[in-house]
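Note sheet for the following structure.
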Amino acid sequence: MEHTGPEVSYEVIVVNDFSSDETAELLIQVPNLRLHNNNHNSGFVLSCNQGASLAKGEFLCFLNNDTIVQKQWLTSMVELIENDSQIGIVGSKLVFGDGDLQEAGGIVWQDGQTYHYGRRGSITNKKYNYIREVDYCSGASFLISKTDFDQLRGFDEMYTPGYYEDTDLCFSIQYTLNKKVVYQPASIVVHYEGVTSGTNINAGMRRYQQINALKFKDKWKTQLQSKLPNSFMNLDDTLIKYQNSKNAKLI
C-alpha cells in the first residue's frame, strides 16, 4: 500500500459484503490481499468483526473504504500504542478532500450526541496537533490491539448494521478496560465523508445514526452523566480540557 511501511509489517483484509458490482473480480487481482466474500449482506458492524476474526497480527487497524491514507499514517499510530501499555485505541487526524480538518478526536456530550473536534478548522493549527486523550475517535481510521478487541468481543452487534459502534468501542476501552483513547495528529487520513452511506439522516444507512444514538445513550447512561451538556456554550471548556491534558504532546 502507498504510504504504508516498510517500518510496519501488515496484512490487508477486505470483507466484500455481497456487493452487486465487479468488486470481487477487481479485488482478486490485487496482490497480497486477503479477500473474504460474504454470501449475503451482513452490514458494516458484522463485516468488521468478520475481518477482525481473520486477522493474524498483534494490532487491528480499521480503515473505511472512502479514505486515502497519507505518509506515516500507520507507523505513527503503531509507535504510539506500542510505547504506552495504557493506550487502548489510537485514532487518526481525519481531513476533508478539500484540505480542511474533519476531526481531531471526538467529543461525547451528556445526551450521547457526538461532536467532531476541529471540524472545518485548519489542519496546521497548533491546537489540533497535540497527541492527547479524547472521548472517542471515529472508526474511519483507528488502531486497537487484537487482544483488547477480542476481550471486548469486538464491535457490539446491537449497533448492526452500523453507526455508534466506534464510539461504543471507545467507551468500552475507557470504562471496561480502563485504558486511554488517544488522538494521533501525525496519522493523517483523507476521509470522503458521506460517499458510502450518503448524507440524508432519514434514509438508507444513515437513518441508523439516530436509532443507534438512543441505544448508546441507554447503554452508557451512568458514564454519560460525567460529560458536559450538549451546548456550544460548553465547547470551550471541553477544548481546554483537551488542549491542557496532562497527556498532551505537541508534534
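Chain lettering (A, B, ...) mirrors the order of the C-alpha cells, residue numbering begins at 1 for each chain separately, and ligand numbering begins at 1 in order of display.
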Region 74-107 of chain A residues near region 54-58 of chain A within 12 Å, closest pair each, using only C-alpha atoms, as a Markdown table:
| residue | atom | partner | partner_atom | distance |
| --- | --- | --- | --- | --- |
| A:Val78 | CA | A:Glu58 | CA | 10.3 |
| A:Ile81 | CA | A:Glu58 | CA | 11.3 |
| A:Glu82 | CA | A:Glu58 | CA | 10.4 |
*Write out as a ChimeraX atom specification all residues of region 44-245 of chain A that backbone DSSP assigns to helix (DSSP H, G or I).*
/A:44-54,73-82,126-128,146-151,157-159,165-175,204-219,221-224,232-243
*asked:* Can you pull out the residues contacting Val14 (chain A)? Cut-off 8 Å, using only C-alpha atoms, and skip same-chain residues under 6 positions away; I want them as a PyMOL selection string.
replied: chain A and resi 33-36+51
Those residues you just picked out, can you put them in a file as a PDB file, in the first residue's frame with N, CA and C atoms?
ATOM      1  N   LEU A  33      -3.500  -9.470  -1.077  1.00  0.00           N
ATOM      2  CA  LEU A  33      -4.743  -9.058  -0.435  1.00  0.00           C
ATOM      3  C   LEU A  33      -5.516 -10.283   0.011  1.00  0.00           C
ATOM      4  N   ARG A  34      -5.951 -10.280   1.258  1.00  0.00           N
ATOM      5  CA  ARG A  34      -6.807 -11.357   1.761  1.00  0.00           C
ATOM      6  C   ARG A  34      -8.255 -10.915   1.591  1.00  0.00           C
ATOM      7  N   LEU A  35      -8.948 -11.588   0.701  1.00  0.00           N
ATOM      8  CA  LEU A  35     -10.326 -11.217   0.365  1.00  0.00           C
ATOM      9  C   LEU A  35     -11.300 -12.247   0.909  1.00  0.00           C
ATOM     10  N   HIS A  36     -12.292 -11.732   1.657  1.00  0.00           N
ATOM     11  CA  HIS A  36     -13.364 -12.593   2.150  1.00  0.00           C
ATOM     12  C   HIS A  36     -14.669 -12.111   1.531  1.00  0.00           C
ATOM     13  N   GLY A  51     -13.832  -9.555   9.570  1.00  0.00           N
ATOM     14  CA  GLY A  51     -12.469  -9.252   9.152  1.00  0.00           C
ATOM     15  C   GLY A  51     -11.482  -9.377  10.293  1.00  0.00           C
TER      16      GLY A  51
END
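A straight line drawn from CA of Arg206 (chain A) to CA of Asp17 (chain A) is 17.4 Å long.
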*Among the residues A:Ala24, A:Val108, A:Met158, A:Met205, the one that comes closest to Lys221 (chain A) [using only C-alpha atoms]*: A:Val108
